[in-house]
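Read through the structure below, which is laid out as structure tokens, and then see the notes.
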Amino acid sequence: MHRTHTCGELRIEDLGKTVTLSGWVQKSRDLGGMTFIDVRDRYGITQLTFNSEDDETLRSNARDLGREYVIKVTGTVIERSSKNPKLPTGDIEIKVSNLEILNESKLPPFTIEDETDGGEDIRMKYRYLDIRRNPVKNSLLFRHKVTQEVRNYLSGLDFCEIETPYLIKSTPEGARDFIVPSRMNPGQFYALPQSPQTFKQLLMVGGMDKYFQIVKCFRDEDLRADRQPEFTQIDCEMSFVEQEDILNVFEGMTRHLLKTIHGIEVAEFPRMTFDEAMRTYGNDKPDIRFGMKFGELNDVAQHKDFAIFNNAELVVGIAVPGAASYTRKQIDELVDWVKRPQVGASGMVYVKCEPDGTFKSSVDKFYDQADLAKWAEATGAKAGDLILILSGPANKTRAQLSALRMELGNRMGLRKPDEFAPLWVIDFPLLEWDEETERFHAMHHPFTSPKIEDMPLLDSDPGKVRANAYDLVLNGNEIGGGSIRIHDKDMQALMFKHLGFTPEQAQDQFGFLMNAFQYGAPPHGGLAFGLDRLTAILGGQETIRDFIAFPKNNSGRDVMIDAPAEIAKEQLDELSISLIEPKK
């Protein structure tokens, strides 16, 4: 056999045992007539010892071992004279009697250490080596643990795991589809699913009652550091439920994960409407681990001869706790930060709330102390705080101030990775206006049920119709979202109409679902968690790449296998596809 034990298994209780270990050479050290080799596998590191007095040939062979050589050793467990308390195996070492090289290795392009000298690009190219490093390996093991706990929880509530197809029909809503040509049906294409949305609804029509699936989804959209073209969802659906039922089930699942993985009991999952989240935090996924809520200042700032505020749709500020001591250089740095193209503000006004109760502001010549006191009241600022104010178009300004708030939270250490603050955001708009196409689009998807009480507004003021939709936010990140679905064919037809579909287009795209609704669809709803992001946040991080075995880069490329790539003309001909030169 290649091993009797793993490299992380042996302890002081195993003294005297003859064992066989296999793994990779982590490092070697020569000390006089002794050579020490650290051998590593997924489970840990064990020190091997070779003594020239016992076997000079064996020690000489050990000295020739390079980093990442794959070896097999047999020997006796002995007590280390110089113990290593940082290693679980640090009380013992193996006195080697036999060494076998299972495979040699080239010198790796970066060191396989927790703190490596490899940049992200080179580590992505050699991802199979990067996975040997503890930070990546442990992230993947952590993901496994989260996934197992999800399965345990949902299975315990009588959910059944069902697979749905990957080769489906392209639909026009949402992000761009990845399309797949069909050789057997020339000129026709499958699409890869952006989610299993219609299939899980059909499973409810089929009477499965409670479904889940840990499933790959695909979206052909511009990427950021926290997005991938393929990602994993915990996709769930339930029949005969209302919104409260779903919130309770998945609040319970989140509690279960926090308890089993971190030993944390979460007291409450507060709820906030979409309108309140946008008004007080500037985005629909606020991080509530810290304050700095928005204070709207139109009523107290637009009465003086300061045109920048007077001409703005919105004047809004936040109180930064304890920051009145910031120097002019520090404030100027924040001004420069909000003026970056990524944020896009044209400037920023500040007010220092001095410890003696007075105020000092960059707009002192326009506003007196009484005015500034009202600003402090509106933003909740206290003595010693710094008020930062932006103005301009309402939606744009809220987004800019939200970005500033999050940046300050990071700089001030207020976004602690070991603290968890969940939040339900509810009552999203059903529709949102798209300036480019000049029509309404579904904010979530076209199968989301509107609030029944808002139905009369569909014709008169569709932008004010609220959806029976909800997002679960954790530490300023959306980790899950869903809705109660439309289960009535007439209401679904009405929804398609308001989204600009003709009856023929609706039938062509979604006729299979509309037809299914004619055969007794139950009331149903669901929620999908983003497993990649959920795992990263539970793991104390906000970027998802280390929790994905083989991620893509920001251009959607897998630099390890060099994909996407061109394919042979013979394959294109088989698929009835001809290529045209891309536009310059």
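In the structure tokens, the first chain shown is A, the next is B, and so on; residue numbers restart at 1 for each chain, and ligands run from 1 in the order shown.
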
**Message:** Show me, as a PyMOL selection string, the residues that have an atom within 12 Å of Ser578 of chain A when counting only C-alpha atoms, minus same-chain residues fewer than 2 positions from it.
**Reply:** chain A and resi 181+187+567-576+580-581

**Item:** Test item: residues at most 7 Å from segment 243-255 of chain A, only C-alpha atoms, excluding those fewer than 5 positions along its chain, as an MDAnalysis selection string
**Value:** chainID A and resid 153 265:266 484 526

Restricting the output to N, CA and C atoms, write the selected residues as a compact mmCIF listing (two decimals), in the first residue's frame.
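Dumped to selection.txt:
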```
# COMPACT_ATOMS: atom_id res chain seq x y z
N TYR A 153 -29.65 19.96 6.08
CA TYR A 153 -30.76 20.78 6.56
C TYR A 153 -32.00 20.61 5.68
N GLU A 265 -24.93 32.03 17.39
CA GLU A 265 -26.38 32.13 17.45
C GLU A 265 -26.77 33.55 17.02
N VAL A 266 -27.57 33.67 15.99
CA VAL A 266 -28.02 34.98 15.52
C VAL A 266 -29.37 35.28 16.15
N ILE A 484 -42.49 34.85 -4.41
CA ILE A 484 -43.67 34.06 -4.68
C ILE A 484 -43.94 34.16 -6.18
N GLY A 526 -40.12 30.37 -4.06
CA GLY A 526 -38.83 29.80 -3.72
C GLY A 526 -37.76 30.84 -3.52
```

**Message:** I need the residue nearest Gln541 of chain A from this list: A:Asn311, A:Ser402, A:Ser97, A:Asn477. Use only C-alpha atoms for the distance.
**Reply:** A:Asn477

**Complete:** With distances taken over only C-alpha atoms, the candidate from A:Leu534, A:Ile162, A:Leu431, A:Val70 nearest Ser105 of chain A is A:Val70

**Message:** Please list as an MDAnalysis selection string every residue within 12 Å of Leu257 of chain A, counting only C-alpha atoms and excluding residues in the same chain fewer than 3 positions away.
**Reply:** chainID A and resid 142:143 145:154 250:254 260:266 420 534:535 537:539

Selection from above, C-alpha atoms, as an mmCIF file, in the first residue's frame, can you write it?
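Contents of part15.cif, freshly written:
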```cif
data_model
loop_
_atom_site.group_PDB
_atom_site.id
_atom_site.type_symbol
_atom_site.label_atom_id
_atom_site.label_comp_id
_atom_site.auth_asym_id
_atom_site.auth_seq_id
_atom_site.Cartn_x
_atom_site.Cartn_y
_atom_site.Cartn_z
ATOM 1 C CA PHE A 142 -14.857 24.691 3.750
ATOM 2 C CA ARG A 143 -17.133 24.846 0.705
ATOM 3 C CA LYS A 145 -18.652 21.464 4.612
ATOM 4 C CA VAL A 146 -21.150 24.235 3.813
ATOM 5 C CA THR A 147 -22.603 22.179 0.951
ATOM 6 C CA GLN A 148 -23.025 19.114 3.163
ATOM 7 C CA GLU A 149 -24.760 21.137 5.878
ATOM 8 C CA VAL A 150 -27.143 22.623 3.302
ATOM 9 C CA ARG A 151 -28.029 19.143 2.063
ATOM 10 C CA ASN A 152 -28.510 17.878 5.613
ATOM 11 C CA TYR A 153 -30.765 20.784 6.562
ATOM 12 C CA LEU A 154 -32.982 20.702 3.484
ATOM 13 C CA PHE A 250 -34.318 29.862 4.808
ATOM 14 C CA GLU A 251 -33.772 32.015 7.844
ATOM 15 C CA GLY A 252 -33.610 28.668 9.612
ATOM 16 C CA MET A 253 -31.076 27.343 7.134
ATOM 17 C CA THR A 254 -28.858 30.394 7.598
ATOM 18 C CA THR A 260 -22.840 24.440 12.923
ATOM 19 C CA ILE A 261 -19.920 26.124 11.161
ATOM 20 C CA HIS A 262 -19.082 29.012 13.495
ATOM 21 C CA GLY A 263 -20.976 28.234 16.712
ATOM 22 C CA ILE A 264 -22.796 31.573 16.365
ATOM 23 C CA GLU A 265 -26.381 32.135 17.449
ATOM 24 C CA VAL A 266 -28.025 34.982 15.520
ATOM 25 C CA PHE A 420 -22.448 38.257 10.852
ATOM 26 C CA LEU A 534 -22.405 32.419 0.691
ATOM 27 C CA THR A 535 -19.370 30.212 1.261
ATOM 28 C CA ILE A 537 -18.755 35.285 3.383
ATOM 29 C CA LEU A 538 -19.107 32.448 5.882
ATOM 30 C CA GLY A 539 -15.376 31.906 5.340
#
```

**Asked** Excluding same-chain residues fewer than 5 positions from Thr49 of chain A, what lies within 12 Å of it counting only C-alpha atoms, as number ranges by chain?
**Response** A: 28-31, 33-39, 54-55, 58-59, 62-63, 73-81, 92-99

**Message:** Could you go through segment 410-578 of chain A and tell me which residues DSSP, when run on the backbone, assigns to strand (DSSP E), listing them as a PyMOL selection string?
**Reply:** chain A and resi 422-426+431-434+439-442+469-474+477-484+524-530

**Residue nearest Gln330 of chain A - candidates A:Arg533, A:Leu386, A:Pro229, A:Leu401, atoms counted: only C-alpha atoms** =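 With only C-alpha atoms as the atom set, the closest residue is A:Leu386.
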
**Request:** State, in Å with one decimal place, the distance from atom CA of Asn515 of chain A to atom CA of Phe496 of chain A.
**Result:**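 Between atom CA of Asn515 of chain A and atom CA of Phe496 of chain A the gap is 14.4 Å.
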
**Message:** Excluding Gly384 of chain A and its own-chain neighbours fewer than 2 positions away, which residues fall within 7 Å of it when counting only C-alpha atoms? Please give them as a list in words.
**Reply:** Gly322, Ala323, Ala324, Cys353, Glu354, Pro355, Lys382 and Leu386 of chain A

**Prompt:** segment 355-460 of chain A: which residues are alpha helix (DSSP H) by DSSP, as a ChimeraX atom specification?
**Reply:** /A:369-379,394-411,457-460

**Asked** Pick from A:Phe274, A:Phe189, A:Phe240, A:Trp424: nearest to Ile288 of chain A, with only C-alpha atoms counted?
**Response**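 Result for the nearest residue to Ile288 of chain A: A:Trp424.
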
**Request:** Tell me which protein, DNA and RNA residues are within 9 Å of Ile214 of chain A, counting only C-alpha atoms, leaving out same-chain ones fewer than 5 positions away, and put them as an MDAnalysis selection string.
**Result:** chainID A and resid 147 151 161 163 232:236 531

For the selection just defined, write its residues with N, CA and C atoms to a file, as a CSV table (one decimal), in the first residue's frame.
```
chain,number,residue,atom,x,y,z
A,147,THR,N,-21.7,22.9,1.9
A,147,THR,CA,-22.6,22.2,1.0
A,147,THR,C,-23.3,21.0,1.7
A,151,ARG,N,-27.3,20.4,2.4
A,151,ARG,CA,-28.0,19.1,2.1
A,151,ARG,C,-28.7,18.5,3.3
A,161,GLU,N,-33.8,16.4,-3.7
A,161,GLU,CA,-32.9,17.0,-4.7
A,161,GLU,C,-33.1,16.4,-6.1
A,163,GLU,N,-32.4,16.9,-10.4
A,163,GLU,CA,-31.6,17.6,-11.4
A,163,GLU,C,-32.5,18.1,-12.5
A,232,THR,N,-22.6,28.7,-9.0
A,232,THR,CA,-23.4,27.6,-8.4
A,232,THR,C,-24.5,28.2,-7.5
A,233,GLN,N,-25.7,27.7,-7.7
A,233,GLN,CA,-26.8,28.1,-6.8
A,233,GLN,C,-27.3,27.0,-6.0
A,234,ILE,N,-27.8,27.3,-4.8
A,234,ILE,CA,-28.6,26.4,-4.0
A,234,ILE,C,-30.1,26.8,-4.4
A,235,ASP,N,-30.7,26.1,-5.3
A,235,ASP,CA,-31.9,26.4,-5.9
A,235,ASP,C,-33.1,25.7,-5.2
A,236,CYS,N,-34.1,26.4,-4.7
A,236,CYS,CA,-35.1,25.8,-3.9
A,236,CYS,C,-36.5,26.3,-4.3
A,531,LEU,N,-24.2,29.9,-3.9
A,531,LEU,CA,-23.3,29.1,-3.0
A,531,LEU,C,-21.9,29.7,-2.9
```

**Message:** Env of Tyr350 of chain A: 8 Å cut, atoms = only C-alpha atoms, seq-sep filter 4 positions within chain, self excluded. Answer as an MDAnalysis selection string.
**Reply:** chainID A and resid 361:363 386:389

**Prompt:** Of the candidates A:Ser325, A:Ser170, A:Asn475, A:Ser391, which shows the shortest atom-to-atom distance to Ser195 of chain A, using only C-alpha atoms?
**Reply:**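 Closest candidate: A:Ser170.
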